[in-house]
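Novice: Mind looking over this structure? Questions follow.
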Amino acid sequence: MKKKLKSLLKTCTALVCAVSICTLTLIVRADDSVDSLTKKTSDLQNRLDNLNNQLTELSAEITDLAVKIEETDNSIAKAELDLTAAKLNEQLQYDAMKKRIKYMYESGNTSLLEILFSSESMGEFLNNTEFVRNVTEYDRNMLNDLQEIHKEIAEKEQALKDEQEELAVMKEDMESRRNSLNTAISTTSGDLKASADALSKAKAAEAAAQEALKEQAAAENNSASSGGGGQSSGGNSGSITVDPTPADTNELVLFAAILECEAGTSDYNALLAVATVIMNRVASGSYPGTVTDVIYQRGQFSPTWNGSLNKALQRGPCSLSYQVAQDALNGKRLSAVSGCYSFRASWTGYSGVVIGDNVFF
C-alpha cells in the first residue's frame, strides 16, 4: 500500500512539473505579445503627440492670421472713409473755385476785361494779368493735389483688398490643413485606445499567469497540501440709447470731422457730448432736421467757416471720431448732456456741464 502511495506521489510530481513547463512557455509567448503592444502603443502615442503639436502650431498661425485679417478689414474700412472724405473735400474745393471764378468773371462791373484794360500803365496791366494767372493756377494746383490724394487713397484701398483676398485664401488653406489634422488625430486616438486596451488585457493575462505559477510553485513546495497567503489591503459717464438716425457715408464723414474739430481726438465722452448736442438739435424740431443741415446752419459751428472743417476732411478724421459719430447715429447719447442744445469753450465762463474743454447748456 505504501509502495502504491509513493508511486502515485511520483506520478503527481511529474504531472506538476509538466504543467509548470507548459505555463512558462505560455508566459514567454505572453511577454512577446506585451512587448509588441507596448511598442505599438508608444509609437501611436508619439504620433498623436506630434499631431497635437502640429495642430497647436497651426491654430496659433490661424489665430495670428485672423488678427491680421481683422486689421486689414479695419484698414479697408478706414481707407473707404478717407476716400469719401477726400471726395467730399474735393467737391468743397471745386465749389469754392467756381464761386471765385463767378465772382471774378461775372460779378457786377468787375470783369476780366475791366481788370486788364482798366490798367493805367503797362506795368499795372502786367501785374493784373499776373494776378489773374496766379489765381487760376492756384485753383488748378489745388484740384490736382486733391485728385492725387484721391488716387493714392484709391490705390491703397485696392492694395488692401488684394491683401484681404490673399489672406482669405491662406485662411482657407489653413482651415483645410486643420481639418486634415483633426481627422488624423481622431483616427490615431482611436488606434491608440484600441492598442492601449489590448495592452491592458495582455498585461492582465500576464499577471494572472504569473499568479497561477506562484500558486503552483507553492503547491509543489507543500507537496500534497495547498496553501496561500492572504493579501492585506491598506488603506464711463453714463449713457442712454434712443432710436437710431439713418445717415449716408458722406454725412458720417462730415459728422466725424465736426466732432473732431470741436472736441479733439482723444476723449470719447467729450466727442459724444458734442455729438449728443448735434443729435438733440436734429430731433428737436427747432433746428434743421438732418445732421448736415445742423452742422452748416448759419452762424452755429465756427469750423464750417474758419477752415478747420476743411482741414479735418482733407486729412481724414481719426478712428475714434468715426466711432463716436457712428455710435451717436445708432442712438447713443451722453446722459449728462441729454437735455443740452448748445456748448461753448469752457474758458468762456458759461454756466453748465463741463466735459472736456467745453461747457454744455
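Each chain of the C-alpha cells is named A, B, ... in the order shown, its residues numbered from 1; ligands are numbered from 1 in display order.
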Please list as an MDAnalysis selection string every residue within 8 Å of Leu44 in chain A, counting only C-alpha atoms and excluding residues in the same chain fewer than 4 positions away.
Specialist: chainID A and resid 40 48 188 191:192
Novice: Quick one: residues within 12 Å of range 324-336 of chain A, only C-alpha atoms counted, chain neighbours fewer than 4 positions away excluded, as a PDB file with C-alpha atoms, in the first residue's frame?
Specialist:
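Saved to part-v5.pdb:
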ATOM      1  CA  ASN A 236     -17.695 105.963 -18.387  1.00  0.00           C
ATOM      2  CA  SER A 237     -20.023 108.619 -17.510  1.00  0.00           C
ATOM      3  CA  GLY A 238     -23.390 107.000 -18.113  1.00  0.00           C
ATOM      4  CA  SER A 239     -25.046 106.908 -21.498  1.00  0.00           C
ATOM      5  CA  ILE A 240     -28.562 106.375 -22.814  1.00  0.00           C
ATOM      6  CA  THR A 241     -29.819 104.966 -26.090  1.00  0.00           C
ATOM      7  CA  VAL A 242     -32.552 106.311 -28.352  1.00  0.00           C
ATOM      8  CA  ASP A 243     -33.780 105.308 -31.783  1.00  0.00           C
ATOM      9  CA  PRO A 244     -31.057 105.301 -34.476  1.00  0.00           C
ATOM     10  CA  THR A 245     -30.853 108.019 -37.121  1.00  0.00           C
ATOM     11  CA  PRO A 246     -30.248 106.909 -40.733  1.00  0.00           C
ATOM     12  CA  ALA A 247     -27.308 108.594 -42.496  1.00  0.00           C
ATOM     13  CA  ASP A 248     -25.215 108.000 -45.606  1.00  0.00           C
ATOM     14  CA  THR A 249     -21.422 107.782 -45.698  1.00  0.00           C
ATOM     15  CA  ASN A 250     -20.961 111.459 -46.616  1.00  0.00           C
ATOM     16  CA  GLU A 251     -22.931 112.519 -43.559  1.00  0.00           C
ATOM     17  CA  LEU A 252     -20.995 110.117 -41.313  1.00  0.00           C
ATOM     18  CA  VAL A 253     -17.677 111.557 -42.504  1.00  0.00           C
ATOM     19  CA  LEU A 254     -18.881 115.142 -42.078  1.00  0.00           C
ATOM     20  CA  PHE A 255     -20.240 114.311 -38.606  1.00  0.00           C
ATOM     21  CA  ALA A 256     -16.923 112.743 -37.524  1.00  0.00           C
ATOM     22  CA  ALA A 257     -14.969 115.742 -38.863  1.00  0.00           C
ATOM     23  CA  ILE A 258     -17.033 118.368 -36.957  1.00  0.00           C
ATOM     24  CA  LEU A 259     -16.789 116.318 -33.740  1.00  0.00           C
ATOM     25  CA  GLU A 260     -13.011 116.224 -34.098  1.00  0.00           C
ATOM     26  CA  ALA A 263     -13.765 118.126 -29.133  1.00  0.00           C
ATOM     27  CA  GLY A 264     -10.331 116.873 -30.226  1.00  0.00           C
ATOM     28  CA  THR A 265      -9.310 113.310 -30.999  1.00  0.00           C
ATOM     29  CA  SER A 266      -8.721 111.500 -27.692  1.00  0.00           C
ATOM     30  CA  ASP A 267     -11.667 111.862 -25.269  1.00  0.00           C
ATOM     31  CA  TYR A 268     -14.645 109.619 -26.093  1.00  0.00           C
ATOM     32  CA  ASN A 269     -17.040 111.397 -23.695  1.00  0.00           C
ATOM     33  CA  ALA A 270     -16.035 114.860 -24.949  1.00  0.00           C
ATOM     34  CA  LEU A 271     -16.737 113.776 -28.529  1.00  0.00           C
ATOM     35  CA  LEU A 272     -20.014 112.076 -27.551  1.00  0.00           C
ATOM     36  CA  ALA A 273     -21.139 115.206 -25.659  1.00  0.00           C
ATOM     37  CA  VAL A 274     -20.811 117.329 -28.832  1.00  0.00           C
ATOM     38  CA  ALA A 275     -22.476 114.570 -30.855  1.00  0.00           C
ATOM     39  CA  THR A 276     -25.354 114.488 -28.346  1.00  0.00           C
ATOM     40  CA  VAL A 277     -25.948 118.247 -28.744  1.00  0.00           C
ATOM     41  CA  ILE A 278     -25.991 117.921 -32.539  1.00  0.00           C
ATOM     42  CA  MET A 279     -28.387 114.963 -32.437  1.00  0.00           C
ATOM     43  CA  ASN A 280     -30.573 116.797 -29.885  1.00  0.00           C
ATOM     44  CA  VAL A 282     -31.745 117.180 -35.225  1.00  0.00           C
ATOM     45  CA  ALA A 283     -34.528 115.688 -33.123  1.00  0.00           C
ATOM     46  CA  THR A 290     -30.529 116.469 -40.662  1.00  0.00           C
ATOM     47  CA  VAL A 291     -27.001 116.253 -39.289  1.00  0.00           C
ATOM     48  CA  PRO A 317     -10.998 112.135 -39.249  1.00  0.00           C
ATOM     49  CA  CYS A 318      -9.437 109.693 -36.766  1.00  0.00           C
ATOM     50  CA  SER A 319     -10.922 106.291 -35.951  1.00  0.00           C
ATOM     51  CA  LEU A 320     -12.294 107.449 -32.560  1.00  0.00           C
ATOM     52  CA  CYS A 340     -28.443 120.376 -23.830  1.00  0.00           C
ATOM     53  CA  GLY A 352     -23.354 124.421 -17.434  1.00  0.00           C
ATOM     54  CA  VAL A 353     -21.945 120.887 -17.573  1.00  0.00           C
ATOM     55  CA  VAL A 354     -18.201 120.873 -18.258  1.00  0.00           C
ATOM     56  CA  ILE A 355     -16.979 117.906 -20.288  1.00  0.00           C
ATOM     57  CA  VAL A 359     -19.299 123.623 -21.227  1.00  0.00           C
ATOM     58  CA  PHE A 360     -22.748 122.391 -22.258  1.00  0.00           C
ATOM     59  CA  PHE A 361     -26.071 124.054 -21.519  1.00  0.00           C
TER      60      PHE A 361
END
Novice: Quick one: pull the distance between CA of Lys151 in chain A and CA of Lys98 in chain A, Å, one decimal.
Specialist: 22.4 Å
Novice: From the set A:Ser189, A:Asn310, A:Tyr322, A:Gly285, which residue has the shortest atom-to-atom contact distance to Tyr341 in chain A, counting only C-alpha atoms?
Specialist: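 Nearest to Tyr341 in chain A: A:Gly285.
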Novice: Show me, as a ChimeraX atom specification, the residues that have an atom within 12 Å of range 167-172 of chain A when counting only C-alpha atoms, minus same-chain residues fewer than 6 positions from it.
Specialist: /A:58-59,61-73,160-161,178-179
Novice: Just all heavy atoms for this one: save the residues we selected as a compact mmCIF listing (two decimals), in the first residue's frame.
Specialist:
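Result file part_26.txt:
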# COMPACT_ATOMS: atom_id res chain seq x y z
N LEU A 58 -0.51 75.18 -35.80
CA LEU A 58 -1.39 75.66 -36.87
C LEU A 58 -2.50 76.55 -36.31
O LEU A 58 -2.85 77.57 -36.92
CB LEU A 58 -2.00 74.46 -37.60
CG LEU A 58 -2.88 74.79 -38.82
CD1 LEU A 58 -2.08 75.55 -39.88
CD2 LEU A 58 -3.46 73.52 -39.43
N SER A 59 -3.04 76.18 -35.15
CA SER A 59 -4.08 77.00 -34.53
C SER A 59 -3.55 78.39 -34.18
O SER A 59 -4.24 79.39 -34.34
CB SER A 59 -4.62 76.31 -33.27
OG SER A 59 -5.26 75.09 -33.60
N GLU A 61 -1.10 79.89 -35.78
CA GLU A 61 -0.98 80.60 -37.06
C GLU A 61 -2.33 81.12 -37.53
O GLU A 61 -2.43 82.24 -38.03
CB GLU A 61 -0.38 79.66 -38.11
CG GLU A 61 1.07 79.30 -37.88
CD GLU A 61 1.60 78.31 -38.92
OE1 GLU A 61 0.93 78.14 -39.97
OE2 GLU A 61 2.66 77.73 -38.69
N ILE A 62 -3.37 80.29 -37.37
CA ILE A 62 -4.71 80.71 -37.78
C ILE A 62 -5.18 81.91 -36.94
O ILE A 62 -5.79 82.85 -37.45
CB ILE A 62 -5.70 79.54 -37.66
CG1 ILE A 62 -5.38 78.47 -38.72
CG2 ILE A 62 -7.14 80.01 -37.82
CD1 ILE A 62 -6.22 77.22 -38.61
N THR A 63 -4.87 81.86 -35.63
CA THR A 63 -5.24 82.99 -34.76
C THR A 63 -4.54 84.27 -35.19
O THR A 63 -5.15 85.34 -35.29
CB THR A 63 -4.89 82.66 -33.30
OG1 THR A 63 -5.61 81.50 -32.89
CG2 THR A 63 -5.25 83.82 -32.39
N ASP A 64 -3.22 84.16 -35.45
CA ASP A 64 -2.46 85.34 -35.92
C ASP A 64 -3.02 85.84 -37.24
O ASP A 64 -3.13 87.06 -37.47
CB ASP A 64 -0.98 84.98 -36.08
CG ASP A 64 -0.32 84.69 -34.75
OD1 ASP A 64 -0.86 85.13 -33.72
OD2 ASP A 64 0.75 84.04 -34.74
N LEU A 65 -3.36 84.89 -38.13
CA LEU A 65 -3.90 85.27 -39.44
C LEU A 65 -5.25 85.96 -39.27
O LEU A 65 -5.55 86.94 -39.97
CB LEU A 65 -4.04 84.04 -40.32
CG LEU A 65 -4.46 84.28 -41.78
CD1 LEU A 65 -3.42 85.12 -42.50
CD2 LEU A 65 -4.66 82.97 -42.51
N ALA A 66 -6.07 85.46 -38.35
CA ALA A 66 -7.38 86.08 -38.11
C ALA A 66 -7.23 87.52 -37.61
O ALA A 66 -7.98 88.42 -38.02
CB ALA A 66 -8.18 85.25 -37.10
N VAL A 67 -6.21 87.73 -36.75
CA VAL A 67 -5.94 89.09 -36.26
C VAL A 67 -5.52 89.99 -37.43
O VAL A 67 -5.97 91.14 -37.55
CB VAL A 67 -4.84 89.06 -35.18
CG1 VAL A 67 -4.40 90.48 -34.83
CG2 VAL A 67 -5.35 88.35 -33.94
N LYS A 68 -4.66 89.46 -38.29
CA LYS A 68 -4.20 90.24 -39.45
C LYS A 68 -5.35 90.54 -40.39
O LYS A 68 -5.45 91.64 -40.94
CB LYS A 68 -3.10 89.47 -40.19
CG LYS A 68 -2.39 90.31 -41.25
CD LYS A 68 -1.17 89.59 -41.80
CE LYS A 68 -0.45 90.47 -42.82
NZ LYS A 68 0.74 89.79 -43.37
N ILE A 69 -6.25 89.56 -40.59
CA ILE A 69 -7.41 89.78 -41.45
C ILE A 69 -8.30 90.87 -40.85
O ILE A 69 -8.79 91.75 -41.57
CB ILE A 69 -8.20 88.47 -41.63
CG1 ILE A 69 -7.41 87.50 -42.52
CG2 ILE A 69 -9.57 88.74 -42.24
CD1 ILE A 69 -8.04 86.13 -42.65
N GLU A 70 -8.49 90.82 -39.53
CA GLU A 70 -9.31 91.84 -38.89
C GLU A 70 -8.68 93.22 -39.03
O GLU A 70 -9.37 94.21 -39.32
CB GLU A 70 -9.49 91.51 -37.41
CG GLU A 70 -10.40 92.50 -36.67
CD GLU A 70 -10.59 92.13 -35.22
OE1 GLU A 70 -10.00 91.13 -34.79
OE2 GLU A 70 -11.34 92.84 -34.52
N GLU A 71 -7.34 93.30 -38.86
CA GLU A 71 -6.65 94.58 -39.03
C GLU A 71 -6.78 95.09 -40.46
O GLU A 71 -6.98 96.29 -40.69
CB GLU A 71 -5.17 94.42 -38.66
CG GLU A 71 -4.93 94.17 -37.18
CD GLU A 71 -3.47 93.87 -36.87
OE1 GLU A 71 -2.68 93.70 -37.82
OE2 GLU A 71 -3.12 93.80 -35.69
N THR A 72 -6.67 94.16 -41.43
CA THR A 72 -6.80 94.56 -42.83
C THR A 72 -8.22 95.03 -43.11
O THR A 72 -8.41 96.03 -43.83
CB THR A 72 -6.46 93.37 -43.75
OG1 THR A 72 -5.13 92.92 -43.46
CG2 THR A 72 -6.53 93.79 -45.22
N ASP A 73 -9.22 94.33 -42.57
CA ASP A 73 -10.61 94.75 -42.76
C ASP A 73 -10.83 96.15 -42.19
O ASP A 73 -11.50 97.00 -42.82
CB ASP A 73 -11.56 93.77 -42.06
CG ASP A 73 -11.61 92.42 -42.77
OD1 ASP A 73 -11.20 92.34 -43.95
OD2 ASP A 73 -12.07 91.45 -42.15
N LEU A 160 -5.15 96.98 -50.28
CA LEU A 160 -5.66 96.32 -49.08
C LEU A 160 -6.66 95.22 -49.43
O LEU A 160 -6.67 94.15 -48.82
CB LEU A 160 -6.31 97.35 -48.15
CG LEU A 160 -5.36 98.29 -47.41
CD1 LEU A 160 -6.13 99.41 -46.74
CD2 LEU A 160 -4.53 97.52 -46.38
N LYS A 161 -7.49 95.48 -50.43
CA LYS A 161 -8.46 94.45 -50.85
C LYS A 161 -7.74 93.25 -51.45
O LYS A 161 -8.15 92.10 -51.23
CB LYS A 161 -9.44 95.06 -51.86
CG LYS A 161 -10.45 96.01 -51.22
CD LYS A 161 -11.45 96.55 -52.23
CE LYS A 161 -12.49 97.44 -51.54
NZ LYS A 161 -13.47 98.00 -52.49
N ARG A 178 -6.09 72.11 -40.94
CA ARG A 178 -6.55 71.82 -39.58
C ARG A 178 -7.57 70.68 -39.58
O ARG A 178 -7.53 69.81 -38.71
CB ARG A 178 -7.15 73.07 -38.94
CG ARG A 178 -7.63 72.83 -37.51
CD ARG A 178 -7.84 74.09 -36.72
NE ARG A 178 -8.94 74.89 -37.24
CZ ARG A 178 -9.33 76.02 -36.67
NH1 ARG A 178 -8.71 76.48 -35.60
NH2 ARG A 178 -10.33 76.72 -37.18
N ASN A 179 -8.48 70.69 -40.57
CA ASN A 179 -9.46 69.61 -40.65
C ASN A 179 -8.76 68.27 -40.88
O ASN A 179 -9.15 67.25 -40.31
CB ASN A 179 -10.45 69.90 -41.78
CG ASN A 179 -11.37 71.07 -41.46
OD1 ASN A 179 -11.56 71.39 -40.29
ND2 ASN A 179 -11.92 71.71 -42.48
Novice: Do you have the CA of Ala86 in chain A-CA of Arg315 in chain A distance handy?
Specialist: 8.0 Å
Novice: To one decimal place, how far is CA of Arg47 in chain A from CA of Ala184 in chain A in Å?
Specialist: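 Between CA of Arg47 in chain A and CA of Ala184 in chain A the gap is 9.8 Å.
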Novice: As an MDAnalysis selection string, please: all residues of range 225-313 of chain A that backbone DSSP puts in helix (DSSP H, G or I).
Specialist: chainID A and resid 249:263 268:284 291:295 303:306 308:313
Novice: Could you take the residues named above and write them with C-alpha atoms, as a short mmCIF file (atom, residue, chain, number, x, y, z; two decimals), in the first residue's frame?
Specialist:
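Output (part.cif):
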data_model
loop_
_atom_site.label_atom_id
_atom_site.label_comp_id
_atom_site.auth_asym_id
_atom_site.auth_seq_id
_atom_site.Cartn_x
_atom_site.Cartn_y
_atom_site.Cartn_z
CA THR A 249 -21.42 107.78 -45.70
CA ASN A 250 -20.96 111.46 -46.62
CA GLU A 251 -22.93 112.52 -43.56
CA LEU A 252 -21.00 110.12 -41.31
CA VAL A 253 -17.68 111.56 -42.50
CA LEU A 254 -18.88 115.14 -42.08
CA PHE A 255 -20.24 114.31 -38.61
CA ALA A 256 -16.92 112.74 -37.52
CA ALA A 257 -14.97 115.74 -38.86
CA ILE A 258 -17.03 118.37 -36.96
CA LEU A 259 -16.79 116.32 -33.74
CA GLU A 260 -13.01 116.22 -34.10
CA CYS A 261 -12.88 119.98 -34.71
CA GLU A 262 -15.00 120.76 -31.63
CA ALA A 263 -13.76 118.13 -29.13
CA TYR A 268 -14.65 109.62 -26.09
CA ASN A 269 -17.04 111.40 -23.69
CA ALA A 270 -16.04 114.86 -24.95
CA LEU A 271 -16.74 113.78 -28.53
CA LEU A 272 -20.01 112.08 -27.55
CA ALA A 273 -21.14 115.21 -25.66
CA VAL A 274 -20.81 117.33 -28.83
CA ALA A 275 -22.48 114.57 -30.86
CA THR A 276 -25.35 114.49 -28.35
CA VAL A 277 -25.95 118.25 -28.74
CA ILE A 278 -25.99 117.92 -32.54
CA MET A 279 -28.39 114.96 -32.44
CA ASN A 280 -30.57 116.80 -29.89
CA ARG A 281 -30.90 119.60 -32.42
CA VAL A 282 -31.74 117.18 -35.22
CA ALA A 283 -34.53 115.69 -33.12
CA SER A 284 -35.85 118.91 -31.58
CA VAL A 291 -27.00 116.25 -39.29
CA THR A 292 -25.58 118.02 -42.35
CA ASP A 293 -28.06 120.91 -42.14
CA VAL A 294 -27.48 121.31 -38.39
CA ILE A 295 -23.71 121.47 -38.92
CA PRO A 303 -15.16 125.24 -38.05
CA THR A 304 -17.52 125.48 -41.06
CA TRP A 305 -16.22 129.00 -41.85
CA ASN A 306 -12.76 129.23 -40.28
CA SER A 308 -10.90 123.84 -39.55
CA LEU A 309 -13.56 121.57 -41.04
CA ASN A 310 -11.90 121.55 -44.48
CA LYS A 311 -8.55 120.63 -42.89
CA ALA A 312 -10.16 117.76 -40.95
CA LEU A 313 -11.77 116.46 -44.12
#
